[in-house]
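Peer 1: I am attaching a structure below and will ask some questions about it afterwards.
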Amino acid sequence: MQFLILAYDHEDPQALERRMAARPAHVALGDQLRAEGKLLMGVAILNEEDQMIGSMIVADFPSPEELDAWLNVEPYVTENVWDSIEIAPCQVGQSFLPK
């Protein structure tokens, strides 16, 4: 089951600092999920100053419960980077899937 995850960071003065501190663990987990075929795409959302303020992820998990299990260990969640998270089921077009 594919999911679109749209997450925005907190806006306090330390938000970008927390993001950068958690980023190596976030990227490492993303690399693991990509190798497992669970992470299809991830991008940073930027503001007008090209600073990261959020994330957009397209993921493929067998169930919503497994998506929730990932969110429970996702560094941007555990390290208080993301303030809001929107999740919607989605379907990636065949043209964009790995061959």
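Labeling convention for the structure tokens: chains A, B, ... as they appear, residues from 1 per chain, ligands from 1 in order of appearance.
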Please provide as a list of chain:residue names all residues within 8 Å of segment 25-36 of chain A, with the sequence filter that same-chain residues fewer than 6 positions apart are discarded (counting only C-alpha atoms).

Peer 2: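 These residues fall inside the cut-off: A:Glu74, A:Pro75, A:Tyr76.
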
Peer 1: Output the selection as a short mmCIF file (atom, residue, chain, number, x, y, z; two decimals), in the first residue's frame - N, CA and C atoms for each residue.

Peer 2:
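Output file result.cif follows:
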```
data_model
loop_
_atom_site.label_atom_id
_atom_site.label_comp_id
_atom_site.auth_asym_id
_atom_site.auth_seq_id
_atom_site.Cartn_x
_atom_site.Cartn_y
_atom_site.Cartn_z
N GLU A 74 11.09 6.95 13.29
CA GLU A 74 11.63 7.95 12.37
C GLU A 74 12.28 9.08 13.17
N PRO A 75 13.57 9.36 12.93
CA PRO A 75 14.27 10.38 13.71
C PRO A 75 13.63 11.77 13.66
N TYR A 76 13.01 12.13 12.55
CA TYR A 76 12.37 13.45 12.51
C TYR A 76 11.12 13.50 13.40
#
```

Peer 1: Out of chain A, which residues get strand (DSSP E or B) from DSSP, as a PDB file with C-alpha atoms, in the first residue's frame?

Peer 2:
```pdb
ATOM      1  CA  GLN A   2       1.494   3.315  -1.030  1.00  0.00           C
ATOM      2  CA  PHE A   3       1.318   6.453   1.079  1.00  0.00           C
ATOM      3  CA  LEU A   4       2.041  10.127   0.558  1.00  0.00           C
ATOM      4  CA  ILE A   5       3.525  11.675   3.702  1.00  0.00           C
ATOM      5  CA  LEU A   6       3.650  15.462   3.919  1.00  0.00           C
ATOM      6  CA  ALA A   7       5.374  16.717   7.063  1.00  0.00           C
ATOM      7  CA  TYR A   8       6.180  20.261   8.134  1.00  0.00           C
ATOM      8  CA  ASP A   9       8.791  21.185  10.709  1.00  0.00           C
ATOM      9  CA  LEU A  39      10.834   4.254   0.335  1.00  0.00           C
ATOM     10  CA  LEU A  40      10.028   5.315  -3.213  1.00  0.00           C
ATOM     11  CA  MET A  41      10.859   9.014  -2.994  1.00  0.00           C
ATOM     12  CA  GLY A  42      11.750  11.636  -0.448  1.00  0.00           C
ATOM     13  CA  VAL A  43      12.314  15.351  -0.860  1.00  0.00           C
ATOM     14  CA  ALA A  44      12.960  18.268   1.446  1.00  0.00           C
ATOM     15  CA  ILE A  45      10.485  21.136   1.278  1.00  0.00           C
ATOM     16  CA  LEU A  46      12.304  24.474   1.123  1.00  0.00           C
ATOM     17  CA  MET A  52      14.566  22.928   4.766  1.00  0.00           C
ATOM     18  CA  ILE A  53      11.174  23.329   6.445  1.00  0.00           C
ATOM     19  CA  GLY A  54       9.530  19.971   5.836  1.00  0.00           C
ATOM     20  CA  SER A  55       9.493  16.695   3.956  1.00  0.00           C
ATOM     21  CA  MET A  56       7.479  14.922   1.280  1.00  0.00           C
ATOM     22  CA  ILE A  57       7.809  11.150   1.175  1.00  0.00           C
ATOM     23  CA  VAL A  58       6.200   8.490  -0.967  1.00  0.00           C
ATOM     24  CA  ALA A  59       6.435   5.140   0.786  1.00  0.00           C
ATOM     25  CA  ASP A  60       5.183   1.617   0.202  1.00  0.00           C
ATOM     26  CA  TRP A  82       8.194  17.451  12.360  1.00  0.00           C
ATOM     27  CA  ASP A  83       5.321  19.449  13.810  1.00  0.00           C
ATOM     28  CA  SER A  84       2.525  18.222  11.546  1.00  0.00           C
ATOM     29  CA  ILE A  85       2.214  15.081   9.458  1.00  0.00           C
ATOM     30  CA  GLU A  86      -0.429  14.458   6.808  1.00  0.00           C
ATOM     31  CA  ILE A  87      -0.796  10.953   5.372  1.00  0.00           C
ATOM     32  CA  ALA A  88      -2.866   9.926   2.390  1.00  0.00           C
ATOM     33  CA  PRO A  89      -3.049   6.679   0.435  1.00  0.00           C
ATOM     34  CA  CYS A  90      -1.684   7.135  -3.071  1.00  0.00           C
TER      35      CYS A  90
END
```

Peer 1: Here is a test: counting only C-alpha atoms, which residue of A:Val81, A:Val73, A:Leu67, A:Met1 is nearest to Arg18 of chain A?

Peer 2: A:Val81

Peer 1: Mind the document's chain letters and residue numbers, and return as a PDB file with C-alpha atoms, in the first residue's frame the residues of chain A that DSSP labels alpha helix (DSSP H).

Peer 2:
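And here is the file that came out, selection31.pdb:
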```pdb
ATOM      1  CA  ALA A  15      13.840  23.884  14.429  1.00  0.00           C
ATOM      2  CA  LEU A  16      16.483  23.875  11.697  1.00  0.00           C
ATOM      3  CA  GLU A  17      19.186  22.976  14.226  1.00  0.00           C
ATOM      4  CA  ARG A  18      17.136  19.932  15.389  1.00  0.00           C
ATOM      5  CA  ARG A  19      16.558  18.918  11.769  1.00  0.00           C
ATOM      6  CA  MET A  20      20.249  19.057  10.940  1.00  0.00           C
ATOM      7  CA  ALA A  21      21.168  17.119  14.090  1.00  0.00           C
ATOM      8  CA  ALA A  22      18.636  14.370  13.276  1.00  0.00           C
ATOM      9  CA  ARG A  23      19.353  14.344   9.532  1.00  0.00           C
ATOM     10  CA  PRO A  24      22.147  11.699   9.463  1.00  0.00           C
ATOM     11  CA  ALA A  25      19.916   9.172  11.277  1.00  0.00           C
ATOM     12  CA  HIS A  26      16.935  10.160   9.094  1.00  0.00           C
ATOM     13  CA  VAL A  27      18.959   9.631   5.900  1.00  0.00           C
ATOM     14  CA  ALA A  28      20.383   6.313   7.164  1.00  0.00           C
ATOM     15  CA  LEU A  29      16.901   5.000   7.925  1.00  0.00           C
ATOM     16  CA  GLY A  30      15.731   6.275   4.529  1.00  0.00           C
ATOM     17  CA  ASP A  31      18.581   4.409   2.826  1.00  0.00           C
ATOM     18  CA  GLN A  32      17.547   1.225   4.646  1.00  0.00           C
ATOM     19  CA  LEU A  33      13.888   1.659   3.651  1.00  0.00           C
ATOM     20  CA  ARG A  34      14.878   2.349   0.037  1.00  0.00           C
ATOM     21  CA  ALA A  35      16.944  -0.865  -0.035  1.00  0.00           C
ATOM     22  CA  PRO A  64      -1.033   1.361   7.774  1.00  0.00           C
ATOM     23  CA  GLU A  65       0.202  -0.325  10.947  1.00  0.00           C
ATOM     24  CA  GLU A  66       3.658  -0.840   9.426  1.00  0.00           C
ATOM     25  CA  LEU A  67       3.683   2.800   8.331  1.00  0.00           C
ATOM     26  CA  ASP A  68       2.898   3.750  11.932  1.00  0.00           C
ATOM     27  CA  ALA A  69       5.693   1.467  13.179  1.00  0.00           C
ATOM     28  CA  TRP A  70       8.154   3.333  10.932  1.00  0.00           C
ATOM     29  CA  LEU A  71       6.890   6.715  12.149  1.00  0.00           C
ATOM     30  CA  ASN A  72       7.446   5.554  15.743  1.00  0.00           C
ATOM     31  CA  VAL A  73      11.195   5.237  15.041  1.00  0.00           C
ATOM     32  CA  PRO A  75      14.274  10.384  13.708  1.00  0.00           C
ATOM     33  CA  TYR A  76      12.365  13.451  12.507  1.00  0.00           C
ATOM     34  CA  VAL A  77       9.493  12.276  14.723  1.00  0.00           C
ATOM     35  CA  THR A  78      11.503  11.073  17.731  1.00  0.00           C
TER      36      THR A  78
END
```

Peer 1: Using Å and a single decimal, report how far atom CA of Asn80 of chain A sits from atom CA of Lys38 of chain A.

Peer 2: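 The value is 22.8 Å.
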
Peer 1: Record the distance separating atom CA of Asp12 of chain A and atom CA of Glu79 of chain A, expressed in Å with one decimal.

Peer 2: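 If I compute the distance from atom CA of Asp12 of chain A to atom CA of Glu79 of chain A, I get 13.9 Å.
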
Peer 1: As an exercise, work out the distance from atom CA of Leu97 of chain A to atom CA of Phe61 of chain A in Å and give it to one decimal place.

Peer 2: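 Calculated distance between atom CA of Leu97 of chain A and atom CA of Phe61 of chain A is 14.8 Å.
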